[in-house]
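Okay, target08.txt is below, compact mmCIF, C-alpha atoms:
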# COMPACT_ATOMS: atom_id res chain seq x y z
CA MET P 1 65.74 -0.55 -25.81
CA ARG P 2 62.71 0.71 -27.78
CA LYS P 3 61.37 -2.88 -28.03
CA ILE P 4 61.69 -3.32 -24.25
CA LEU P 5 59.79 -0.05 -23.63
CA ASN P 6 57.05 -1.05 -26.07
CA LEU P 7 56.72 -4.44 -24.38
CA ALA P 8 56.50 -2.83 -20.95
CA LEU P 9 53.87 -0.39 -22.20
CA SER P 10 51.85 -3.25 -23.71
CA LEU P 11 51.98 -5.17 -20.45
CA CYS P 12 50.73 -2.11 -18.54
CA LEU P 13 47.84 -1.71 -20.96
CA VAL P 14 46.90 -5.38 -20.63
CA ILE P 15 47.06 -5.29 -16.84
CA GLY P 16 44.98 -2.11 -16.83
CA ILE P 17 42.36 -3.39 -19.23
CA PHE P 18 41.59 -6.81 -17.75
CA PRO P 19 40.50 -5.62 -14.29
CA MET P 20 38.09 -3.19 -15.98
CA MET P 21 36.73 -5.99 -18.13
CA GLY P 22 36.22 -8.05 -14.99
CA VAL P 23 33.90 -5.43 -13.45
CA SER P 24 31.41 -5.45 -16.30
CA GLY P 25 28.71 -8.12 -15.95
CA VAL P 26 29.56 -9.15 -12.38
CA HIS P 27 27.98 -8.19 -9.07
CA ALA P 28 28.89 -4.92 -7.42
CA ALA P 29 30.76 -4.89 -4.13
CA SER P 30 28.86 -5.71 -0.93
CA VAL P 31 27.16 -2.70 0.68
CA THR P 32 25.11 -2.02 3.81
CA GLY P 33 23.03 1.03 4.56
CA THR P 34 19.79 2.40 6.01
CA ALA P 35 16.71 3.95 4.44
CA GLY P 36 13.95 5.15 6.74
CA ASP P 37 13.63 2.70 9.63
CA LEU P 38 15.09 -0.24 7.74
CA THR P 39 18.51 -1.70 6.98
CA TYR P 40 19.44 -2.95 3.54
CA THR P 41 22.33 -5.07 2.38
CA TYR P 42 23.52 -6.06 -1.08
CA GLU P 43 25.71 -9.08 -1.65
CA ASP P 44 26.14 -11.52 -4.54
CA GLY P 45 23.16 -10.15 -6.43
CA THR P 46 20.72 -10.21 -3.49
CA ILE P 47 19.18 -7.17 -1.80
CA THR P 48 17.97 -7.97 1.72
CA ILE P 49 15.68 -5.57 3.63
CA SER P 50 15.43 -6.04 7.40
CA GLY P 51 14.13 -4.27 10.49
CA GLU P 52 10.69 -3.03 11.52
CA GLY P 53 8.74 -0.56 9.41
CA ALA P 54 8.08 0.37 5.80
CA VAL P 55 10.27 0.22 2.71
CA VAL P 56 10.23 3.89 1.71
CA ASP P 57 8.82 5.21 -1.56
CA ASN P 58 11.45 5.36 -4.33
CA PHE P 59 13.71 3.20 -2.21
CA CYS P 60 16.64 3.15 -4.64
CA THR P 61 16.71 6.93 -4.79
CA VAL P 62 16.53 7.38 -1.02
CA ALA P 63 19.04 4.59 -0.25
CA ARG P 64 22.20 6.40 -1.33
CA LYS P 65 24.38 3.30 -1.55
CA MET P 66 21.97 1.60 -3.95
CA THR P 67 23.87 2.57 -7.06
CA GLU P 68 22.85 2.13 -10.68
CA ASP P 69 25.33 -0.73 -10.85
CA ILE P 70 23.42 -2.54 -8.09
CA ARG P 71 20.11 -1.89 -9.84
CA GLU P 72 21.54 -3.40 -13.01
CA ASN P 73 22.99 -6.51 -11.34
CA ALA P 74 20.51 -7.37 -8.59
CA THR P 75 18.78 -10.69 -9.27
CA SER P 76 16.80 -11.16 -6.07
CA VAL P 77 15.10 -9.17 -3.32
CA VAL P 78 14.36 -10.60 0.13
CA ILE P 79 11.96 -8.70 2.40
CA GLU P 80 12.42 -10.08 5.91
CA SER P 81 9.94 -10.43 8.79
CA GLY P 82 9.26 -7.13 10.54
CA VAL P 83 8.86 -5.12 7.35
CA THR P 84 5.25 -3.89 7.10
CA SER P 85 4.93 -2.42 3.61
CA ILE P 86 6.73 -1.82 0.31
CA GLY P 87 6.63 1.74 -0.95
CA VAL P 88 5.74 3.30 -4.30
CA SER P 89 8.27 2.55 -7.04
CA ALA P 90 10.57 0.85 -4.53
CA PHE P 91 12.12 -1.56 -7.06
CA THR P 92 10.91 -0.19 -10.38
CA TYR P 93 12.77 -1.27 -13.54
CA PHE P 94 15.30 -3.70 -12.10
CA PRO P 95 16.27 -5.35 -15.42
CA ASN P 96 17.68 -8.60 -13.99
CA LEU P 97 15.45 -9.07 -10.94
CA SER P 98 14.02 -12.60 -11.18
CA SER P 99 13.16 -13.53 -7.59
CA VAL P 100 11.27 -11.70 -4.82
CA THR P 101 10.57 -13.18 -1.37
CA ILE P 102 8.11 -11.30 0.84
CA ALA P 103 7.61 -12.05 4.56
CA SER P 104 4.10 -12.48 5.96
CA SER P 105 4.53 -9.30 8.04
CA VAL P 106 4.15 -7.22 4.86
CA LYS P 107 0.53 -6.04 4.56
CA THR P 108 0.81 -3.51 1.71
CA ILE P 109 2.58 -3.41 -1.65
CA SER P 110 2.25 0.06 -3.13
CA SER P 111 1.74 1.11 -6.74
CA TYR P 112 4.62 0.50 -9.17
CA ALA P 113 6.64 -1.29 -6.46
CA PHE P 114 8.00 -3.88 -8.91
CA PHE P 115 6.83 -2.36 -12.17
CA GLY P 116 9.02 -2.91 -15.23
CA CYS P 117 10.95 -5.88 -13.81
CA SER P 118 10.89 -7.87 -17.05
CA LYS P 119 12.66 -10.97 -15.69
CA LEU P 120 10.38 -11.31 -12.67
CA LYS P 121 8.16 -14.06 -14.11
CA SER P 122 6.19 -14.92 -10.96
CA ILE P 123 5.68 -13.92 -7.35
CA SER P 124 3.74 -15.48 -4.47
CA ILE P 125 1.79 -13.07 -2.27
CA PRO P 126 1.53 -13.93 1.48
CA SER P 127 -1.98 -14.74 2.74
CA ALA P 128 -1.86 -11.88 5.27
CA MET P 129 -1.57 -9.24 2.52
CA LYS P 130 -4.25 -6.51 2.73
CA THR P 131 -3.67 -4.24 -0.29
CA ILE P 132 -1.69 -4.19 -3.51
CA GLY P 133 -1.58 -0.89 -5.41
CA LYS P 134 -2.29 -0.53 -9.10
CA TYR P 135 0.55 -1.40 -11.47
CA ALA P 136 2.57 -2.86 -8.58
CA PHE P 137 3.70 -5.47 -11.11
CA SER P 138 3.96 -5.46 -14.90
CA ASP P 139 2.29 -7.91 -17.25
CA TYR P 140 5.61 -9.80 -17.30
CA THR P 141 4.86 -11.10 -13.80
CA LYS P 142 2.35 -13.80 -12.86
CA VAL P 143 1.05 -12.80 -9.45
CA GLU P 144 -0.10 -15.70 -7.27
CA LEU P 145 -2.75 -14.21 -4.99
CA PRO P 146 -4.37 -15.67 -1.86
CA ASP P 147 -8.09 -16.45 -2.19
CA THR P 148 -8.95 -13.57 0.12
CA MET P 149 -7.72 -10.90 -2.33
CA GLN P 150 -10.00 -9.41 -4.98
CA ALA P 151 -9.31 -7.15 -7.97
CA ILE P 152 -10.71 -3.62 -8.03
CA GLU P 153 -11.61 -1.68 -11.19
CA ASP P 154 -8.54 0.56 -10.99
CA GLY P 155 -6.21 -2.44 -11.14
CA SER P 156 -5.42 -2.65 -7.44
CA TYR P 157 -6.20 -5.56 -5.08
CA ILE P 158 -7.63 -5.63 -1.58
CA LYS P 159 -8.35 -8.26 1.04
CA ALA P 160 -12.02 -8.78 0.36
CA GLN P 161 -14.95 -11.11 -0.10
CA VAL P 162 -17.40 -11.22 -3.02
CA VAL P 163 -21.09 -11.47 -2.05
CA THR P 164 -24.12 -11.92 -4.30
CA LEU P 165 -27.41 -10.02 -4.31
CA SER P 166 -30.63 -10.56 -6.21
CA VAL P 167 -30.93 -7.23 -8.05
CA LYS P 168 -33.53 -5.72 -10.34
CA GLU P 169 -31.81 -3.17 -12.61
CA LYS P 170 -34.33 -0.52 -13.66
CA TYR P 171 -32.99 1.03 -16.86
CA LYS P 172 -36.36 2.47 -17.87
CA ALA P 173 -36.45 4.42 -14.61
CA ALA P 174 -32.82 5.51 -15.08
CA PHE P 175 -33.52 7.12 -18.44
CA LYS P 176 -36.67 8.75 -17.02
CA VAL P 177 -34.49 10.32 -14.33
CA LEU P 178 -32.20 11.67 -17.06
CA THR P 179 -35.19 13.38 -18.70
CA LEU P 180 -36.18 14.97 -15.38
CA ILE P 181 -32.60 16.13 -14.69
CA ASN P 182 -32.32 17.77 -18.10
CA LYS P 183 -35.66 19.49 -17.60
CA GLU P 184 -34.25 21.12 -14.45
CA ARG P 185 -31.02 22.05 -16.23
CA THR P 186 -32.64 23.61 -19.30
CA ALA P 187 -34.86 25.67 -17.00
CA LYS P 188 -31.64 27.19 -15.60
CA GLY P 189 -30.12 27.73 -19.06
CA LEU P 190 -27.69 24.81 -18.71
CA SER P 191 -26.80 22.24 -21.36
CA LYS P 192 -28.37 18.79 -21.17
CA LEU P 193 -26.40 15.89 -19.75
CA LYS P 194 -25.84 12.82 -21.90
CA MET P 195 -25.95 9.29 -20.52
CA ASP P 196 -22.44 7.83 -20.76
CA LYS P 197 -22.03 4.08 -21.28
CA GLU P 198 -19.25 3.59 -18.73
CA LEU P 199 -20.88 5.81 -16.13
CA LEU P 200 -24.22 4.05 -16.63
CA ALA P 201 -22.65 0.63 -16.06
CA THR P 202 -20.73 1.91 -13.03
CA SER P 203 -23.80 3.64 -11.58
CA MET P 204 -25.68 0.33 -11.64
CA VAL P 205 -22.79 -1.21 -9.68
CA ARG P 206 -22.94 1.64 -7.20
CA ALA P 207 -26.73 1.32 -6.91
CA ARG P 208 -26.29 -2.17 -5.50
CA GLU P 209 -23.25 -1.22 -3.40
CA VAL P 210 -25.21 1.47 -1.52
CA ALA P 211 -27.73 -1.21 -0.56
CA LEU P 212 -24.99 -2.70 1.64
CA TYR P 213 -23.35 0.54 2.72
CA PHE P 214 -25.19 3.80 2.16
CA SER P 215 -22.24 6.09 1.65
CA HIS P 216 -19.90 7.61 -0.93
CA THR P 217 -17.35 5.13 0.40
CA ARG P 218 -17.68 1.76 -1.28
CA PRO P 219 -18.29 -1.50 0.66
CA SER P 220 -14.70 -2.34 -0.26
CA GLY P 221 -13.64 0.59 1.93
CA LEU P 222 -12.35 2.50 -1.12
CA SER P 223 -13.37 5.85 -2.59
CA VAL P 224 -16.15 5.95 -5.18
CA THR P 225 -13.64 7.30 -7.71
CA THR P 226 -11.93 3.88 -7.81
CA ALA P 227 -15.01 2.57 -9.66
CA SER P 228 -14.26 4.68 -12.76
CA GLU P 229 -11.79 7.40 -13.71
CA LYS P 230 -14.67 9.30 -15.30
CA ILE P 231 -16.40 10.02 -11.97
CA ALA P 232 -16.26 13.64 -10.83
CA GLU P 233 -19.12 13.57 -8.28
CA GLU P 234 -21.91 11.36 -7.00
CA ASN P 235 -25.45 11.57 -5.62
CA VAL P 236 -26.95 8.61 -3.76
CA ALA P 237 -30.49 7.99 -2.53
CA MET P 238 -32.68 5.17 -1.29
CA GLY P 239 -36.34 4.49 -0.65
CA GLN P 240 -37.89 6.68 -3.36
CA THR P 241 -40.22 4.49 -5.43
CA THR P 242 -40.40 6.58 -8.63
CA PRO P 243 -38.08 8.86 -10.67
CA THR P 244 -40.31 11.86 -9.85
CA LYS P 245 -40.08 11.22 -6.10
CA LEU P 246 -36.33 10.73 -6.43
CA LEU P 247 -35.72 14.04 -8.15
CA SER P 248 -38.03 15.88 -5.76
CA SER P 249 -35.98 14.50 -2.87
CA LEU P 250 -32.61 15.36 -4.40
CA MET P 251 -33.65 18.87 -5.46
CA GLY P 252 -34.67 19.44 -1.84
CA SER P 253 -31.05 18.90 -0.77
CA GLU P 254 -28.75 21.84 -1.47
CA LYS P 255 -25.70 19.63 -1.98
CA SER P 256 -27.46 17.17 -4.30
CA LYS P 257 -29.17 19.99 -6.21
CA ALA P 258 -25.83 21.77 -6.73
CA LYS P 259 -24.41 18.67 -8.41
CA ILE P 260 -27.44 18.29 -10.69
CA LEU P 261 -27.19 21.94 -11.76
CA ASP P 262 -23.39 22.14 -12.07
CA GLY P 263 -22.52 23.63 -15.45
CA ASP P 264 -19.15 21.85 -15.57
CA TYR P 265 -20.77 18.46 -15.97
CA VAL P 266 -21.57 17.16 -19.45
CA SER P 267 -22.14 13.43 -18.85
CA VAL P 268 -23.89 11.27 -16.30
CA GLY P 269 -24.62 7.69 -15.34
CA ILE P 270 -27.80 6.91 -13.43
CA GLY P 271 -28.22 3.75 -11.40
CA ALA P 272 -31.66 2.48 -10.43
CA THR P 273 -32.08 -0.83 -8.62
CA LYS P 274 -34.58 -2.66 -6.43
CA ILE P 275 -33.17 -5.05 -3.84
CA GLY P 276 -35.64 -6.65 -1.49
CA ASP P 277 -38.33 -4.08 -0.72
CA TYR P 278 -36.16 -0.99 -1.30
CA CYS P 279 -35.15 1.07 -4.33
CA TYR P 280 -31.59 2.40 -4.53
CA TRP P 281 -30.41 5.23 -6.78
CA THR P 282 -27.09 6.74 -7.82
CA MET P 283 -25.99 9.56 -10.12
CA LEU P 284 -22.40 9.71 -11.32
CA PHE P 285 -21.44 13.01 -12.94
CA GLY P 286 -18.58 13.48 -15.40
CA THR P 287 -16.75 16.30 -17.14
CA GLU P 288 -15.66 14.24 -20.15
CA LYS P 289 -17.64 14.05 -23.38
CA ALA P 290 -20.02 11.11 -23.16
CA THR P 291 -19.87 7.91 -25.11
CA LYS P 292 -23.62 7.97 -25.51
CA ALA P 293 -25.71 5.14 -24.09
CA LYS P 294 -28.82 4.58 -26.23
CA LYS P 295 -32.04 3.90 -24.34
CA ALA P 296 -33.10 1.23 -26.86
CA ASP P 297 -30.04 -0.88 -25.99
CA TYR P 298 -31.09 -1.40 -22.38
CA SER P 299 -33.96 -3.21 -20.68
CA ASP P 300 -34.94 -3.95 -17.10
CA ASN P 301 -33.64 -7.26 -15.71
CA THR P 302 -33.44 -9.23 -12.49
CA GLU P 303 -30.25 -11.19 -11.90
CA ASP P 304 -27.79 -12.20 -9.21
CA LYS P 305 -25.07 -9.56 -9.05
CA THR P 306 -21.83 -9.37 -7.10
CA VAL P 307 -20.47 -6.80 -4.66
CA THR P 308 -16.94 -6.75 -3.25
CA ILE P 309 -16.81 -6.12 0.49
CA SER P 310 -13.75 -5.37 2.57
CA LEU P 311 -12.52 -7.86 5.14
CA THR P 312 -10.33 -5.29 6.86
CA SER P 313 -12.20 -1.97 7.02
CA LYS P 314 -15.05 -1.36 9.45
CA VAL P 315 -17.46 0.28 7.03
CA LEU P 316 -20.04 -2.53 7.01
CA SER P 317 -22.56 -3.64 9.61
CA PRO P 318 -22.96 -7.43 9.30
CA LYS P 319 -26.20 -8.87 10.64
CA ALA P 320 -27.44 -12.43 11.00
CA VAL P 321 -30.54 -13.19 8.96
CA GLY P 322 -32.87 -15.72 10.60
CA SER P 323 -35.59 -16.22 13.16
CA THR P 324 -34.67 -15.65 16.81
CA SER P 325 -37.34 -18.03 18.14
CA MET P 326 -37.54 -21.78 17.51
CA SER P 327 -39.33 -24.80 18.89
CA VAL P 328 -37.50 -27.96 19.93
CA GLY P 329 -37.01 -30.21 16.92
CA ASN P 330 -37.42 -27.44 14.34
CA LYS P 331 -34.80 -26.40 11.77
CA GLN P 332 -33.98 -23.20 9.89
CA GLY P 333 -31.35 -21.86 7.54
CA ILE P 334 -29.49 -18.70 8.50
CA THR P 335 -27.08 -16.48 6.57
CA LEU P 336 -25.19 -13.20 6.70
CA GLY P 337 -26.75 -9.90 5.73
CA PHE P 338 -25.80 -6.23 6.06
CA ASP P 339 -27.66 -3.41 7.79
CA ASN P 340 -27.57 -0.19 5.71
CA GLY P 341 -29.35 1.85 8.38
CA HIS P 342 -32.79 1.39 6.84
CA ALA P 343 -32.98 -2.30 5.94
CA THR P 344 -31.08 -5.53 6.32
CA VAL P 345 -30.02 -6.79 2.90
CA GLU P 346 -29.65 -10.55 2.64
CA THR P 347 -26.64 -11.70 0.66
CA GLY P 348 -25.24 -14.89 -0.73
CA VAL P 349 -21.77 -15.32 0.77
CA THR P 350 -19.38 -18.18 0.12
CA GLY P 351 -16.83 -19.14 2.72
CA LEU P 352 -18.96 -18.65 5.83
CA SER P 353 -18.37 -20.35 9.14
CA PHE P 354 -20.97 -20.95 11.86
CA LYS P 355 -20.54 -21.62 15.57
CA SER P 356 -23.05 -22.36 18.33
CA SER P 357 -22.41 -21.16 21.89
CA ASP P 358 -24.28 -24.17 23.31
CA LYS P 359 -24.58 -27.30 21.19
CA THR P 360 -26.89 -28.95 23.73
CA VAL P 361 -29.49 -26.25 22.94
CA ALA P 362 -28.88 -25.66 19.23
CA THR P 363 -26.51 -27.03 16.62
CA VAL P 364 -25.54 -25.47 13.30
CA SER P 365 -24.14 -27.21 10.22
CA LYS P 366 -21.34 -26.02 7.96
CA LYS P 367 -24.02 -24.74 5.56
CA GLY P 368 -25.88 -22.71 8.20
CA LYS P 369 -28.68 -25.13 9.03
CA VAL P 370 -29.74 -24.65 12.66
CA LYS P 371 -31.47 -27.44 14.63
CA ALA P 372 -33.22 -26.72 17.95
CA LYS P 373 -32.16 -29.48 20.38
CA ALA P 374 -33.49 -28.42 23.79
CA ALA P 375 -35.25 -25.57 25.57
CA GLY P 376 -32.97 -22.69 26.47
CA SER P 377 -30.90 -20.01 24.75
CA ALA P 378 -27.91 -20.12 22.43
CA THR P 379 -26.04 -17.70 20.21
CA ILE P 380 -25.08 -18.60 16.66
CA LYS P 381 -22.03 -16.73 15.40
CA ILE P 382 -21.61 -16.25 11.64
CA PHE P 383 -18.36 -15.02 10.15
CA VAL P 384 -16.40 -15.00 6.94
CA ASP P 385 -13.68 -17.67 6.89
CA ASN P 386 -10.26 -16.42 7.99
CA TYR P 387 -11.73 -13.17 9.26
CA SER P 388 -13.79 -13.54 12.42
CA LYS P 389 -14.14 -9.74 12.83
CA ALA P 390 -16.63 -9.70 9.93
CA ALA P 391 -19.12 -11.47 12.15
CA ALA P 392 -22.74 -11.34 13.24
CA LYS P 393 -24.65 -13.03 16.08
CA LEU P 394 -28.11 -14.53 16.15
CA LYS P 395 -29.47 -14.94 19.70
CA LEU P 396 -31.88 -17.88 19.77
CA THR P 397 -34.58 -18.74 22.26
CA ILE P 398 -35.68 -22.38 22.09
CA SER P 399 -39.00 -23.43 23.61
Can the structure from this file be put into structure tokens for me?
Amino acid sequence: MRKILNLALSLCLVIGIFPMMGVSGVHAASVTGTAGDLTYTYEDGTITISGEGAVVDNFCTVARKMTEDIRENATSVVIESGVTSIGVSAFTYFPNLSSVTIASSVKTISSYAFFGCSKLKSISIPSAMKTIGKYAFSDYTKVELPDTMQAIEDGSYIKAQVVTLSVKEKYKAAFKVLTLINKERTAKGLSKLKMDKELLATSMVRAREVALYFSHTRPSGLSVTTASEKIAEENVAMGQTTPTKLLSSLMGSEKSKAKILDGDYVSVGIGATKIGDYCYWTMLFGTEKATKAKKADYSDNTEDKTVTISLTSKVLSPKAVGSTSMSVGNKQGITLGFDNGHATVETGVTGLSFKSSDKTVATVSKKGKVKAKAAGSATIKIFVDNYSKAAAKLKLTIS
């Protein structure tokens, strides 16, 4: 009798153990739920997001049916058409996630969206994507970007175009400005600012950016603070031909003067450039101890430099650069420039398209060469490939 009981007990234990063993390492049961405006399903290792709207931040926390077991076992994520964005930390640290499919309706992937997914080796980003937040993916993942997306200093990406400018960087003038600033500060009993290497380099970038868009917003449409984490505040100016004239102008502005004489600042970067006929200046103030930039290590130079411009924001004012009057038989080259409110800055832009409103009057080649064919008027439209909104028009009169 005892042997029979022991055998029965053993059978019960075996029957009880094997189903439990079967759960470990296999996919969780199918689930369906909602989070925000979207519906999610999980089945056979695949999470599918459908509907119209955004995947919410911290999706797996908000979606109550997305258990830890699902996080552990999910191998693929499919974002269907109608979804517009993927929120912060939506799919962070999915250990077995190896495949992500994103519909072209998605325009934004937020920071940390797929961070820490060690088995996600590659992902293809749709061409319609506008922004990808910093650390959206880990170094494990090779991100295949469309040509229209450009990297920003903070590690994020935006839909943008890189343009070139011929820039004279005036380091001698920059260090002279530092001397004048410190003269004003010591007169008020404040400590001297030190030129910081990173802020100096960034200020030279900003001094060419303000040539295209005279603002504390960058031509990329982003905040100035995305250029460096060290930036606490900024002064910008244009037109002043000497350091003395610059400082006189800034000290005449209460807001600019307050930044120069702020006792919280200990470091600075000063940008001084000449582009075309205009001088452009920036001051970037910092609260961190400076990594000192030595004057002897820098010299004035003139080189082609790049600026990243947004293809989606409306911060820039594109303008066609070329003559508006031509004689029949004559030719000219035209290009795209930007009006900063004081001057039109000519740029070198790759990926431009040109279109004539009347080819019987004037034709234009793929490289922007215009030929006057007959007397009359025609409009040449210039725009960045794949983004006709970033366009300018040149109205021609042919005689």
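Ranking P:Leu352, P:Ile132, P:Ala174, P:Ala160 by their shortest atom-to-atom distance to P:Thr108, with only C-alpha atoms included, puts P:Ile132 first.
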Ref. answer, residues at most 10 Å from (-18.0, 15.2, -20.4) with only C-alpha atoms, as a PyMOL selection string:
chain P and resi 193-196+230+232+264-268+285-291
Please report the interatomic distance between atom CA of P:Ile231 and atom CA of P:Gly252 in Å with one decimal.
22.9 Å
Go ahead and compute the interatomic distance for atom CA of P:Thr324 and atom CA of P:Thr344, in Å to one decimal.
15.0 Å
Quick check, in Å to one decimal: how far apart do atom CA of P:Ser248 and atom CA of P:Glu346 lie?
29.0 Å
Which of these, P:Thr226, P:Thr186, P:Ser249, P:Gln161, has the shortest distance to P:Val307 once you count all atoms listed in the file?
P:Gln161
Can you tell me, as a VMD selection string, what residues are no more than 7 Å from P:Glu80 when counting all atoms listed in the file, ignoring any on the same chain fewer than 2 positions away?
chain P and resid 49 to 50 78 82 to 83 102 to 103
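Using only C-alpha atoms, the nearest neighbour of P:Thr46 within the list P:Thr148, P:Ser30, P:Ser138, P:Asn182 is P:Ser30.
Among P:Leu222, P:Val88, P:Ala128, P:Val345, the residue with the shortest atom-to-atom distance to P:Asp277, counting only C-alpha atoms, is P:Val345.
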Selection near P:Met129, 12 Å with all atoms listed in the file, sequence-local residues under 2 positions removed, as a VMD selection string
chain P and resid 84 to 86 102 to 110 124 to 127 131 to 133 144 to 150 157 to 160 311 to 312
Here is a test: counting all atoms listed in the file, which residue of P:Leu97, P:Leu396, P:Val384, P:Ile260 is nearest to P:Glu233?
P:Ile260
If you count all atoms listed in the file, which residues fall within 9 Å of P:Ala211, apart from same-chain ones fewer than 3 positions away, as a PDB file with C-alpha atoms, keeping the file's coordinate frame?
ATOM      1  CA  ARG P 206     -22.940   1.640  -7.200  1.00  0.00           C
ATOM      2  CA  ALA P 207     -26.730   1.320  -6.910  1.00  0.00           C
ATOM      3  CA  ARG P 208     -26.290  -2.170  -5.500  1.00  0.00           C
ATOM      4  CA  PHE P 214     -25.190   3.800   2.160  1.00  0.00           C
ATOM      5  CA  MET P 238     -32.680   5.170  -1.290  1.00  0.00           C
ATOM      6  CA  ILE P 275     -33.170  -5.050  -3.840  1.00  0.00           C
ATOM      7  CA  TYR P 278     -36.160  -0.990  -1.300  1.00  0.00           C
ATOM      8  CA  CYS P 279     -35.150   1.070  -4.330  1.00  0.00           C
ATOM      9  CA  TYR P 280     -31.590   2.400  -4.530  1.00  0.00           C
ATOM     10  CA  PHE P 338     -25.800  -6.230   6.060  1.00  0.00           C
ATOM     11  CA  ASP P 339     -27.660  -3.410   7.790  1.00  0.00           C
ATOM     12  CA  ASN P 340     -27.570  -0.190   5.710  1.00  0.00           C
ATOM     13  CA  ALA P 343     -32.980  -2.300   5.940  1.00  0.00           C
ATOM     14  CA  THR P 344     -31.080  -5.530   6.320  1.00  0.00           C
ATOM     15  CA  VAL P 345     -30.020  -6.790   2.900  1.00  0.00           C
TER      16      VAL P 345
END
So which one's closest to P:Thr217, P:Lys255, P:Lys192, P:Arg64, P:Lys314? Using only C-alpha atoms, please.
P:Lys314
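Close contacts of P:Glu303, defined as residues with an atom at most 7 Å away when counting all atoms listed in the file, with chain neighbours fewer than 4 positions off set aside, comprise P:Ser166, P:Val167, P:Lys168.
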Tell me which protein, DNA and RNA residues are within 12 Å of P:Ser365, counting only C-alpha atoms, leaving out same-chain ones fewer than 4 positions away, and put them as an MDAnalysis selection string.
chainID P and resid 331:335 352:356 359 369:372 380:382
Select, counting all atoms listed in the file, all protein, DNA and RNA residues no farther than 8 Å from (-29.4, -19.9, 20.0) in file coordinates, and express the selection as number ranges by chain.
P: 324, 356-358, 361-362, 376-380, 394-398
Writing out the chosen residues with C-alpha atoms as an mmCIF file, keeping the file's coordinate frame:
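Once written, again_2.cif looks like this:
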data_model
loop_
_atom_site.group_PDB
_atom_site.id
_atom_site.type_symbol
_atom_site.label_atom_id
_atom_site.label_comp_id
_atom_site.auth_asym_id
_atom_site.auth_seq_id
_atom_site.Cartn_x
_atom_site.Cartn_y
_atom_site.Cartn_z
ATOM 1 C CA THR P 324 -34.670 -15.650 16.810
ATOM 2 C CA SER P 356 -23.050 -22.360 18.330
ATOM 3 C CA SER P 357 -22.410 -21.160 21.890
ATOM 4 C CA ASP P 358 -24.280 -24.170 23.310
ATOM 5 C CA VAL P 361 -29.490 -26.250 22.940
ATOM 6 C CA ALA P 362 -28.880 -25.660 19.230
ATOM 7 C CA GLY P 376 -32.970 -22.690 26.470
ATOM 8 C CA SER P 377 -30.900 -20.010 24.750
ATOM 9 C CA ALA P 378 -27.910 -20.120 22.430
ATOM 10 C CA THR P 379 -26.040 -17.700 20.210
ATOM 11 C CA ILE P 380 -25.080 -18.600 16.660
ATOM 12 C CA LEU P 394 -28.110 -14.530 16.150
ATOM 13 C CA LYS P 395 -29.470 -14.940 19.700
ATOM 14 C CA LEU P 396 -31.880 -17.880 19.770
ATOM 15 C CA THR P 397 -34.580 -18.740 22.260
ATOM 16 C CA ILE P 398 -35.680 -22.380 22.090
#
